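This is query_20.cif. It holds mmCIF, C-alpha atoms.
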data_input
loop_
_atom_site.group_PDB
_atom_site.id
_atom_site.type_symbol
_atom_site.label_atom_id
_atom_site.label_comp_id
_atom_site.auth_asym_id
_atom_site.auth_seq_id
_atom_site.Cartn_x
_atom_site.Cartn_y
_atom_site.Cartn_z
ATOM 1 C CA MET V 1 14.533 -66.507 -2.058
ATOM 2 C CA ARG V 2 13.671 -64.572 1.087
ATOM 3 C CA ARG V 3 12.724 -60.956 0.415
ATOM 4 C CA LYS V 4 14.998 -58.268 1.840
ATOM 5 C CA VAL V 5 12.179 -56.228 3.370
ATOM 6 C CA PRO V 6 12.348 -54.466 6.764
ATOM 7 C CA SER V 7 9.784 -55.270 9.431
ATOM 8 C CA ASN V 8 6.474 -53.410 9.378
ATOM 9 C CA ALA V 9 7.080 -52.206 12.925
ATOM 10 C CA ALA V 10 10.381 -50.603 11.936
ATOM 11 C CA LEU V 11 8.888 -48.959 8.851
ATOM 12 C CA MET V 12 5.914 -47.574 10.788
ATOM 13 C CA ALA V 13 8.196 -46.204 13.511
ATOM 14 C CA PHE V 14 10.473 -44.591 10.928
ATOM 15 C CA GLU V 15 7.612 -43.075 8.906
ATOM 16 C CA ALA V 16 5.987 -41.574 12.012
ATOM 17 C CA ALA V 17 9.298 -40.172 13.294
ATOM 18 C CA ALA V 18 10.131 -38.725 9.866
ATOM 19 C CA ARG V 19 6.689 -37.132 9.535
ATOM 20 C CA HIS V 20 6.764 -35.579 12.998
ATOM 21 C CA GLY V 21 10.494 -34.858 13.071
ATOM 22 C CA SER V 22 10.456 -36.255 16.582
ATOM 23 C CA PHE V 23 10.888 -39.677 18.195
ATOM 24 C CA ALA V 24 8.743 -38.576 21.133
ATOM 25 C CA ARG V 25 5.772 -37.565 18.997
ATOM 26 C CA ALA V 26 6.101 -40.738 16.938
ATOM 27 C CA ALA V 27 6.046 -42.752 20.175
ATOM 28 C CA GLU V 28 2.889 -40.922 21.296
ATOM 29 C CA GLU V 29 1.140 -41.632 17.990
ATOM 30 C CA LEU V 30 2.038 -45.337 17.981
ATOM 31 C CA SER V 31 1.479 -45.825 21.748
ATOM 32 C CA LEU V 32 5.109 -46.836 22.270
ATOM 33 C CA THR V 33 7.966 -45.498 24.331
ATOM 34 C CA GLU V 34 10.511 -43.134 22.826
ATOM 35 C CA GLY V 35 13.153 -45.785 23.494
ATOM 36 C CA ALA V 36 11.168 -48.344 21.483
ATOM 37 C CA ILE V 37 10.978 -45.945 18.517
ATOM 38 C CA SER V 38 14.717 -45.311 18.743
ATOM 39 C CA ARG V 39 15.469 -49.042 18.828
ATOM 40 C CA GLN V 40 13.193 -49.777 15.830
ATOM 41 C CA ILE V 41 14.866 -47.057 13.778
ATOM 42 C CA GLY V 42 18.304 -48.278 14.861
ATOM 43 C CA ARG V 43 17.434 -51.775 13.649
ATOM 44 C CA LEU V 44 16.161 -50.325 10.369
ATOM 45 C CA GLU V 45 19.382 -48.372 9.843
ATOM 46 C CA GLU V 46 21.401 -51.486 10.624
ATOM 47 C CA PHE V 47 19.302 -53.542 8.183
ATOM 48 C CA LEU V 48 19.723 -50.967 5.406
ATOM 49 C CA GLY V 49 23.292 -50.042 6.176
ATOM 50 C CA VAL V 50 22.287 -46.389 5.867
ATOM 51 C CA THR V 51 21.997 -43.556 8.373
ATOM 52 C CA LEU V 52 18.429 -42.253 8.224
ATOM 53 C CA PHE V 53 18.579 -39.692 11.039
ATOM 54 C CA GLN V 54 21.352 -37.347 12.053
ATOM 55 C CA ARG V 55 21.574 -37.205 15.851
ATOM 56 C CA VAL V 56 22.794 -34.001 17.463
ATOM 57 C CA GLY V 57 22.603 -34.219 21.233
ATOM 58 C CA ASN V 58 19.009 -34.988 22.153
ATOM 59 C CA ARG V 59 17.691 -33.838 18.786
ATOM 60 C CA VAL V 60 17.271 -35.777 15.547
ATOM 61 C CA ARG V 61 17.029 -34.621 11.962
ATOM 62 C CA LEU V 62 16.390 -36.594 8.783
ATOM 63 C CA ALA V 63 19.475 -37.273 6.720
ATOM 64 C CA PRO V 64 19.108 -36.633 2.948
ATOM 65 C CA SER V 65 18.829 -40.379 2.289
ATOM 66 C CA GLY V 66 16.294 -40.644 5.109
ATOM 67 C CA ALA V 67 14.129 -37.887 3.621
ATOM 68 C CA ARG V 68 13.937 -39.679 0.268
ATOM 69 C CA TYR V 69 13.230 -43.026 1.900
ATOM 70 C CA ALA V 70 10.529 -41.516 4.100
ATOM 71 C CA LEU V 71 8.525 -40.382 1.060
ATOM 72 C CA GLN V 72 8.743 -43.854 -0.474
ATOM 73 C CA VAL V 73 7.794 -45.624 2.756
ATOM 74 C CA ARG V 74 4.863 -43.260 3.346
ATOM 75 C CA GLU V 75 3.510 -43.959 -0.138
ATOM 76 C CA ILE V 76 3.825 -47.726 0.355
ATOM 77 C CA LEU V 77 2.156 -47.673 3.780
ATOM 78 C CA ASP V 78 -0.659 -45.465 2.495
ATOM 79 C CA ARG V 79 -1.281 -47.816 -0.405
ATOM 80 C CA LEU V 80 -1.172 -50.863 1.867
ATOM 81 C CA GLU V 81 -3.685 -49.243 4.207
ATOM 82 C CA ARG V 82 -6.030 -48.347 1.333
ATOM 83 C CA ASP V 83 -5.847 -51.871 -0.092
ATOM 84 C CA SER V 84 -6.432 -53.412 3.337
ATOM 85 C CA LEU V 85 -9.446 -51.210 4.066
ATOM 86 C CA TYR V 86 -10.792 -52.024 0.616
ATOM 87 C CA LEU V 87 -10.607 -55.766 1.305
ATOM 88 C CA MET V 88 -12.093 -55.324 4.771
ATOM 89 C CA GLY V 89 -15.076 -53.576 3.200
ATOM 90 C CA GLN V 90 -15.860 -56.328 0.685
ATOM 91 C CA PRO V 91 -19.100 -58.260 1.247
ATOM 92 C CA VAL V 92 -18.511 -61.876 2.237
ATOM 93 C CA ASP V 93 -20.891 -63.272 -0.377
ATOM 94 C CA GLY V 94 -20.153 -60.759 -3.144
ATOM 95 C CA ALA V 95 -17.585 -59.830 -5.750
ATOM 96 C CA SER V 96 -16.231 -56.603 -7.160
ATOM 97 C CA ILE V 97 -14.590 -55.291 -10.321
ATOM 98 C CA GLU V 98 -12.367 -52.281 -10.929
ATOM 99 C CA ILE V 99 -13.088 -50.195 -14.042
ATOM 100 C CA ALA V 100 -11.012 -47.285 -15.365
ATOM 101 C CA ALA V 101 -13.070 -44.880 -17.466
ATOM 102 C CA LEU V 102 -12.981 -41.485 -19.100
ATOM 103 C CA PRO V 103 -14.478 -39.162 -16.472
ATOM 104 C CA THR V 104 -17.292 -37.555 -18.464
ATOM 105 C CA PHE V 105 -18.262 -40.872 -20.058
ATOM 106 C CA ALA V 106 -18.480 -42.352 -16.567
ATOM 107 C CA SER V 107 -20.516 -39.535 -15.037
ATOM 108 C CA ARG V 108 -22.820 -38.767 -17.987
ATOM 109 C CA TRP V 109 -23.364 -42.145 -19.646
ATOM 110 C CA LEU V 110 -22.190 -45.103 -17.566
ATOM 111 C CA ILE V 111 -23.194 -44.248 -13.995
ATOM 112 C CA PRO V 112 -26.788 -43.217 -14.883
ATOM 113 C CA ARG V 113 -27.261 -46.743 -16.308
ATOM 114 C CA LEU V 114 -25.524 -48.715 -13.541
ATOM 115 C CA LYS V 115 -28.737 -49.205 -11.558
ATOM 116 C CA ARG V 116 -29.897 -51.588 -14.286
ATOM 117 C CA TYR V 117 -26.736 -53.647 -13.834
ATOM 118 C CA LYS V 118 -27.087 -53.538 -10.044
ATOM 119 C CA ASP V 119 -30.637 -54.863 -10.344
ATOM 120 C CA ARG V 120 -29.350 -57.722 -12.512
ATOM 121 C CA GLN V 121 -26.273 -58.515 -10.388
ATOM 122 C CA PRO V 122 -26.905 -57.216 -6.842
ATOM 123 C CA HIS V 123 -23.873 -59.024 -5.392
ATOM 124 C CA ILE V 124 -21.309 -57.471 -7.754
ATOM 125 C CA THR V 125 -19.875 -54.090 -6.817
ATOM 126 C CA VAL V 126 -18.509 -51.936 -9.637
ATOM 127 C CA HIS V 127 -15.725 -49.546 -8.648
ATOM 128 C CA ILE V 128 -14.971 -46.765 -11.152
ATOM 129 C CA ALA V 129 -11.880 -44.580 -11.346
ATOM 130 C CA GLU V 130 -11.094 -41.910 -13.910
ATOM 131 C CA ARG V 131 -8.216 -42.216 -16.339
ATOM 132 C CA MET V 132 -7.735 -39.535 -18.989
ATOM 133 C CA GLU V 133 -4.879 -41.228 -20.862
ATOM 134 C CA PRO V 134 -4.351 -44.802 -22.107
ATOM 135 C CA PHE V 135 -2.202 -46.927 -19.793
ATOM 136 C CA VAL V 136 -0.794 -50.417 -19.415
ATOM 137 C CA LEU V 137 -3.715 -52.497 -18.169
ATOM 138 C CA ALA V 138 -1.599 -55.402 -16.892
ATOM 139 C CA GLY V 139 -0.533 -54.774 -13.314
ATOM 140 C CA SER V 140 -2.583 -51.582 -13.038
ATOM 141 C CA GLY V 141 -5.102 -52.989 -10.573
ATOM 142 C CA PHE V 142 -7.949 -52.492 -13.058
ATOM 143 C CA ASP V 143 -9.981 -55.319 -14.537
ATOM 144 C CA ALA V 144 -10.994 -53.322 -17.619
ATOM 145 C CA ALA V 145 -10.947 -49.850 -19.132
ATOM 146 C CA ILE V 146 -13.497 -47.789 -21.040
ATOM 147 C CA HIS V 147 -11.632 -45.412 -23.282
ATOM 148 C CA PHE V 148 -11.145 -44.226 -26.840
ATOM 149 C CA GLU V 149 -9.856 -46.607 -29.486
ATOM 150 C CA HIS V 150 -6.088 -46.022 -29.429
ATOM 151 C CA PRO V 151 -2.877 -47.784 -30.601
ATOM 152 C CA ALA V 152 -1.775 -47.955 -26.951
ATOM 153 C CA TRP V 153 -4.309 -50.751 -26.415
ATOM 154 C CA ALA V 154 -2.532 -53.028 -28.913
ATOM 155 C CA GLY V 155 -2.494 -56.594 -27.610
ATOM 156 C CA MET V 156 -5.593 -56.015 -25.491
ATOM 157 C CA HIS V 157 -9.066 -57.252 -26.384
ATOM 158 C CA ARG V 158 -11.140 -54.281 -27.539
ATOM 159 C CA HIS V 159 -14.884 -54.144 -28.031
ATOM 160 C CA LEU V 160 -16.356 -51.086 -29.745
ATOM 161 C CA LEU V 161 -19.119 -49.445 -27.741
ATOM 162 C CA LEU V 162 -20.307 -46.110 -29.124
ATOM 163 C CA GLU V 163 -19.251 -43.387 -31.496
ATOM 164 C CA GLU V 164 -18.384 -39.983 -30.072
ATOM 165 C CA ILE V 165 -20.192 -37.654 -32.476
ATOM 166 C CA LEU V 166 -19.524 -34.017 -31.594
ATOM 167 C CA VAL V 167 -22.314 -31.475 -31.913
ATOM 168 C CA PRO V 168 -22.307 -27.722 -31.176
ATOM 169 C CA VAL V 169 -24.818 -26.828 -28.445
ATOM 170 C CA CYS V 170 -25.741 -23.764 -26.440
ATOM 171 C CA SER V 171 -28.423 -22.565 -24.069
ATOM 172 C CA PRO V 172 -31.616 -21.036 -25.525
ATOM 173 C CA ALA V 173 -30.768 -17.806 -23.695
ATOM 174 C CA LEU V 174 -27.572 -17.402 -25.723
ATOM 175 C CA LEU V 175 -29.458 -17.554 -29.022
ATOM 176 C CA ASP V 176 -32.005 -15.063 -27.693
ATOM 177 C CA THR V 177 -29.209 -12.483 -27.579
ATOM 178 C CA ALA V 178 -27.906 -13.196 -31.109
ATOM 179 C CA PRO V 179 -29.609 -12.630 -34.469
ATOM 180 C CA GLY V 180 -30.505 -15.929 -36.190
ATOM 181 C CA THR V 181 -28.427 -19.036 -35.616
ATOM 182 C CA ALA V 182 -25.150 -18.030 -37.293
ATOM 183 C CA LEU V 183 -22.321 -19.756 -35.458
ATOM 184 C CA ASP V 184 -19.700 -17.167 -36.385
ATOM 185 C CA GLY V 185 -19.744 -14.350 -33.875
ATOM 186 C CA LEU V 186 -20.970 -16.470 -30.968
ATOM 187 C CA PRO V 187 -18.490 -17.192 -28.129
ATOM 188 C CA LEU V 188 -16.875 -20.600 -28.609
ATOM 189 C CA LEU V 189 -15.969 -22.913 -25.732
ATOM 190 C CA HIS V 190 -12.957 -25.216 -26.119
ATOM 191 C CA ARG V 191 -11.700 -28.482 -24.659
ATOM 192 C CA ARG V 192 -8.060 -28.069 -23.708
ATOM 193 C CA GLN V 193 -7.032 -31.525 -24.986
ATOM 194 C CA ASN V 194 -8.528 -30.851 -28.433
ATOM 195 C CA PRO V 195 -7.653 -27.240 -29.316
ATOM 196 C CA ASP V 196 -8.259 -27.735 -33.068
ATOM 197 C CA ALA V 197 -11.773 -29.167 -32.700
ATOM 198 C CA TRP V 198 -13.602 -26.014 -33.795
ATOM 199 C CA GLN V 199 -11.349 -25.500 -36.796
ATOM 200 C CA ASP V 200 -11.783 -29.145 -37.843
ATOM 201 C CA TYR V 201 -15.532 -28.924 -37.328
ATOM 202 C CA ALA V 202 -15.857 -25.717 -39.369
ATOM 203 C CA GLN V 203 -13.923 -27.214 -42.281
ATOM 204 C CA ALA V 204 -15.947 -30.434 -42.232
ATOM 205 C CA ALA V 205 -19.302 -28.645 -41.926
ATOM 206 C CA GLY V 206 -18.478 -25.923 -44.448
ATOM 207 C CA ILE V 207 -19.073 -23.188 -41.880
ATOM 208 C CA ALA V 208 -16.901 -20.063 -41.876
ATOM 209 C CA LEU V 209 -15.480 -19.157 -38.474
ATOM 210 C CA ALA V 210 -13.371 -16.012 -38.289
ATOM 211 C CA ASN V 211 -11.638 -16.946 -35.000
ATOM 212 C CA PRO V 212 -12.068 -20.693 -34.334
ATOM 213 C CA ALA V 213 -9.313 -20.752 -31.681
ATOM 214 C CA VAL V 214 -10.606 -17.876 -29.546
ATOM 215 C CA GLY V 215 -12.480 -18.591 -26.319
ATOM 216 C CA PRO V 216 -12.103 -20.135 -22.853
ATOM 217 C CA ARG V 217 -10.675 -23.633 -22.456
ATOM 218 C CA TYR V 218 -11.828 -26.414 -20.132
ATOM 219 C CA ASP V 219 -10.314 -29.787 -19.291
ATOM 220 C CA LEU V 220 -13.419 -31.986 -19.492
ATOM 221 C CA HIS V 221 -16.450 -32.300 -21.708
ATOM 222 C CA GLY V 222 -18.489 -32.197 -18.506
ATOM 223 C CA MET V 223 -17.133 -28.702 -17.828
ATOM 224 C CA LEU V 224 -17.983 -27.620 -21.374
ATOM 225 C CA ILE V 225 -21.556 -28.838 -20.949
ATOM 226 C CA GLU V 226 -21.988 -26.920 -17.707
ATOM 227 C CA ALA V 227 -20.512 -23.798 -19.320
ATOM 228 C CA ALA V 228 -22.948 -24.087 -22.220
ATOM 229 C CA LEU V 229 -25.856 -24.539 -19.808
ATOM 230 C CA ALA V 230 -24.716 -21.400 -17.997
ATOM 231 C CA GLY V 231 -24.914 -19.428 -21.237
ATOM 232 C CA LEU V 232 -21.173 -18.861 -21.556
ATOM 233 C CA GLY V 233 -20.986 -19.902 -25.206
ATOM 234 C CA VAL V 234 -21.302 -22.727 -27.719
ATOM 235 C CA ALA V 235 -19.735 -26.055 -26.739
ATOM 236 C CA LEU V 236 -18.659 -28.809 -29.130
ATOM 237 C CA VAL V 237 -19.508 -31.944 -27.137
ATOM 238 C CA PRO V 238 -20.497 -35.590 -27.710
ATOM 239 C CA ARG V 239 -24.207 -35.906 -28.432
ATOM 240 C CA LEU V 240 -24.477 -39.004 -26.228
ATOM 241 C CA TYR V 241 -23.637 -36.866 -23.162
ATOM 242 C CA ILE V 242 -26.425 -34.343 -23.650
ATOM 243 C CA GLU V 243 -29.432 -36.376 -24.753
ATOM 244 C CA ALA V 244 -31.420 -35.400 -21.649
ATOM 245 C CA GLU V 245 -30.627 -31.686 -21.972
ATOM 246 C CA LEU V 246 -31.639 -31.695 -25.635
ATOM 247 C CA ARG V 247 -34.943 -33.442 -24.863
ATOM 248 C CA GLN V 248 -35.652 -30.986 -22.054
ATOM 249 C CA GLY V 249 -34.787 -27.974 -24.217
ATOM 250 C CA ARG V 250 -32.085 -26.839 -21.807
ATOM 251 C CA LEU V 251 -29.601 -27.052 -24.683
ATOM 252 C CA LEU V 252 -30.189 -26.424 -28.389
ATOM 253 C CA ALA V 253 -28.316 -27.907 -31.363
ATOM 254 C CA PRO V 254 -29.333 -25.950 -34.486
ATOM 255 C CA TRP V 255 -26.057 -26.745 -36.275
ATOM 256 C CA PRO V 256 -24.990 -29.961 -38.058
ATOM 257 C CA ASP V 257 -23.258 -32.785 -36.209
ATOM 258 C CA GLY V 258 -19.511 -33.208 -36.617
ATOM 259 C CA ASN V 259 -19.667 -36.733 -37.993
ATOM 260 C CA THR V 260 -16.270 -36.566 -39.689
ATOM 261 C CA ILE V 261 -14.379 -35.743 -36.484
ATOM 262 C CA SER V 262 -15.887 -38.501 -34.358
ATOM 263 C CA LYS V 263 -13.974 -41.085 -32.282
ATOM 264 C CA GLN V 264 -14.865 -44.531 -30.960
ATOM 265 C CA PHE V 265 -15.357 -45.537 -27.348
ATOM 266 C CA CYS V 266 -14.296 -49.088 -26.581
ATOM 267 C CA LEU V 267 -14.202 -51.565 -23.735
ATOM 268 C CA VAL V 268 -10.647 -52.806 -23.174
ATOM 269 C CA LEU V 269 -10.077 -56.203 -21.543
ATOM 270 C CA PRO V 270 -6.851 -58.104 -20.829
ATOM 271 C CA GLU V 271 -8.348 -61.327 -22.240
ATOM 272 C CA PRO V 272 -11.454 -62.437 -24.166
ATOM 273 C CA ILE V 273 -14.788 -62.033 -22.406
ATOM 274 C CA ALA V 274 -15.317 -65.803 -22.372
ATOM 275 C CA LEU V 275 -12.033 -66.296 -20.458
ATOM 276 C CA SER V 276 -12.575 -63.446 -17.993
ATOM 277 C CA ALA V 277 -13.664 -63.975 -14.401
ATOM 278 C CA PRO V 278 -17.455 -64.358 -14.068
ATOM 279 C CA PRO V 279 -18.050 -60.888 -12.547
ATOM 280 C CA LEU V 280 -16.165 -59.216 -15.400
ATOM 281 C CA GLN V 281 -17.926 -61.418 -17.971
ATOM 282 C CA SER V 282 -21.249 -60.297 -16.571
ATOM 283 C CA PHE V 283 -20.348 -56.598 -16.615
ATOM 284 C CA ALA V 284 -18.816 -56.698 -20.098
ATOM 285 C CA SER V 285 -21.851 -58.453 -21.582
ATOM 286 C CA TRP V 286 -24.224 -55.984 -19.926
ATOM 287 C CA LEU V 287 -22.186 -52.995 -21.121
ATOM 288 C CA LEU V 288 -22.193 -54.213 -24.724
ATOM 289 C CA GLU V 289 -25.967 -54.675 -24.508
ATOM 290 C CA GLU V 290 -26.406 -51.128 -23.211
ATOM 291 C CA ALA V 291 -24.211 -49.706 -25.955
ATOM 292 C CA GLN V 292 -26.132 -51.617 -28.611
ATOM 293 C CA ALA V 293 -29.452 -50.348 -27.239
ATOM 294 C CA ALA V 294 -28.160 -46.751 -27.211
ATOM 295 C CA MET V 295 -27.171 -46.776 -30.879
ATOM 296 C CA PRO V 296 -29.517 -44.775 -33.151
#

What is this structure when it is put down as structure tokens?
Amino acid sequence: MRRKVPSNAALMAFEAAARHGSFARAAEELSLTEGAISRQIGRLEEFLGVTLFQRVGNRVRLAPSGARYALQVREILDRLERDSLYLMGQPVDGASIEIAALPTFASRWLIPRLKRYKDRQPHITVHIAERMEPFVLAGSGFDAAIHFEHPAWAGMHRHLLLEEILVPVCSPALLDTAPGTALDGLPLLHRRQNPDAWQDYAQAAGIALANPAVGPRYDLHGMLIEAALAGLGVALVPRLYIEAELRQGRLLAPWPDGNTISKQFCLVLPEPIALSAPPLQSFASWLLEEAQAAMP
């Protein structure tokens, strides 16, 4: 069945005219005449059976239906342009994979190790985008996801990577201003998506905290780490993100780990590794090796 889709020329003329609110300015942008823009939009209106512009004398104004359609067309054209530029930028003799990952995991654990994968597979490009919440992998444009173990991934093929063990850390300067290493009384830093983390940690560790919910909140673990480094308070963050800072003494962890409130990172694939495309097979196998090597 033939698709009922308007011509690209008509859509581009309409989107430019809608954005500028002027046929003349749309014609200037697209290197056409104003009459050509008017004819393209007329054909589009005829094709749709809908009036997109209200014409008053020599002036035009988007009709309500035209305003809604303009937003949809602009989004589609933008996406088509991005996808086209992406394909144009692909190496002729190479391959690429698209990975969705938790942002702090990507920046603090995955990306620092990617050079080892690049050395092994120089012709495979790994594109990484952040995704905070689980999503439907099929049809998303991603080849795989690196996320927490979650019921939303049911039906997908999951491979456990690492355990997220939370540990309280702070800068040495913060402890210099406080007597001993008593956690209660120190400013606590919170992750917005896990507001009960300090209360859960205190109960599991047997530490009394008078006000476990008090303190500034941040969206990402990466923000919490930077706040702790700046001396703003004690952050409850995954140990695997701060190994370098602990070795360098830039952060201290004199309190017990929160082993009982840990979560699992996993690699999520739409099909078994053995049935995946060769570039994804290669990346998945390498990632599992790296995770195994990083385990204590």

Please list as a PyMOL selection string every residue within 8 Å of Cys170 in chain V, counting all atoms listed in the file and excluding residues in the same chain fewer than 4 positions away. chain V and resi 174-175+228-229+231+233-235+251-253

If we count all atoms listed in the file and set the cut-off at 10 Å, which residues sit around Ala27 in chain V, ignoring sequence neighbours fewer than 5 positions away in its own chain? Please answer as a ChimeraX atom specification. /V:13,16-17,22,32-38

Residue nearest Phe23 in chain V among V:Val167, V:Ile273, V:Met156, V:Ile41 (counting only C-alpha atoms): V:Ile41

Give me the result of the PyMOL selection byres ((chain V and resi 10) around 10) on this file, residue by residue, as a ChimeraX atom specification. /V:6-9,11-15,36-45

Could you tell me how far CA of Thr104 in chain V sits from CA of Gly222 in chain V, in Å to one decimal place?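 Straight-line distance from CA of Gly222 in chain V to CA of Thr104 in chain V works out to 5.5 Å.
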